Amino acid sequence: MSQPISRFPVPKLEDMPEDIRELILEVQEKSGFIPNVFLALAHRPAEFRAFFAYHDALMEKDSGLTKAEREMIVVATSNANGCQYCVVAHGAILRIRAKDPLVADQVAVNHRKADITPRQKAMLDFAMKVCLDSADVNDADYATLHEHGFTDEDVWDIAGVSAFFGLSNRMANTISMRANDEFYMLGRAPRS
């Protein structure tokens with residue numbers, strides 16, 4: 001018996017607004033399955049559109065952060081927020097983007113012990129501060145990040161990803177969003 005993917009109603013694909021349905025079908029074609037976040041958030045179409053517009057603005061742009069580094073932020077902060085969905089789903093994406101089957105698990109458990117660069121550790125230290133104690137962010141945090149080659153725009157990006165996924169984590173937890181089984185094995189073994 002399969003578990004529900006959300007505490008809230010999940011609309012049928014054919015009942016969704018056309019733009020949302022088309023986006024979901026594109027994702028399905030690319031990944032081979034529909035990540036449950038798309039189905040669960042389709043419950044509220046206007047919020048779905050806003051969520052994914054902001055998600056893509058943060059996660060898909062060219063900047064001083066690699067796509068793998070952005071995923072590291074998501075995994076580390078999502079674990080701090082107790083969000084199983086995001087740790088599992090973005091852990092899979094991190095494994096693929098980093099081309100490393102171990103990194104997501106290491107970053108989720110303790111980024112300070114993970115096999116990542118000192119620059120990435122500084123980035124995650126700051127992301128965790130934004131996640132857990134943003135009122136304490138200060139000039140010393142900026143100085144540390146600058147020493148590791150981050151620009152002020154990069155600092156904004158680190159904070160933006162951490163803050164956005166704080167919202168995402170809280171909603172995923174509130175609606176009991178369940179990660180797709182497919183995510184658990186993605187990026188753990190070379191593709192055949």
# chains A, B, ... in the order shown; residues from 1 in each chain; ligands from 1

call {"tool": "residues_around", "arguments": {"residues": "segment 39-49 of chain A", "least_positions_apart": "5", "cutoff": "7 Å", "atoms": "only C-alpha atoms", "output": "CSV table (one decimal) with C-alpha atoms, in the first residue's frame"}}
result
chain,number,residue,atom,x,y,z
A,5,ILE,CA,2.4,12.1,-0.7
A,6,SER,CA,0.6,15.0,1.2
A,9,PRO,CA,-5.6,16.9,-1.7
A,10,VAL,CA,-3.3,16.2,-4.7
A,11,PRO,CA,-5.1,17.2,-8.0

call {"tool": "residues_around", "arguments": {"residues": "Asp152 of chain A", "least_positions_apart": "5", "cutoff": "12 Å", "atoms": "only C-alpha atoms", "output": "ChimeraX atom specification"}}
result
/A:63-65,139,141-147,157-159

call {"tool": "closest_residue", "arguments": {"among": "A:Ile34, A:Thr66, A:Asn169, A:Val109", "to": "Ser78 of chain A", "atoms": "only C-alpha atoms"}}
result
A:Asn169

call {"tool": "select_by_dssp", "arguments": {"residues": "segment 40-107 of chain A", "states": "alpha helix (DSSP H)", "output": "number ranges by chain"}}
result
A: 40-41, 45-59, 67-80, 84-98, 103-107

call {"tool": "closest_residue", "arguments": {"among": "A:Val107, A:Glu71, A:Met59, A:Val161", "to": "Ala89 of chain A", "atoms": "only C-alpha atoms"}}
result
A:Glu71

call {"tool": "closest_residue", "arguments": {"among": "A:Val103, A:Ala135, A:Ile96, A:Val130", "to": "Ala189 of chain A", "atoms": "only C-alpha atoms"}}
result
A:Ile96

call {"tool": "closest_residue", "arguments": {"among": "A:Gly32, A:Leu23, A:Asp15, A:His90", "to": "Phe52 of chain A", "atoms": "only C-alpha atoms"}}
result
A:Leu23

call {"tool": "residues_around", "arguments": {"residues": "Ala108 of chain A", "least_positions_apart": "3", "cutoff": "10 Å", "atoms": "only C-alpha atoms", "output": "VMD selection string"}}
result
chain A and resid 72 to 80 87 to 88 91 103 to 105 111 114

call {"tool": "closest_residue", "arguments": {"among": "A:Gln28, A:Asn36, A:Ser176, A:Ser134", "to": "Cys83 of chain A", "atoms": "only C-alpha atoms"}}
result
A:Ser176

call {"tool": "closest_residue", "arguments": {"among": "A:Val137, A:Ala68, A:Leu132, A:Ala92", "to": "Ile116 of chain A", "atoms": "only C-alpha atoms"}}
result
A:Ala68
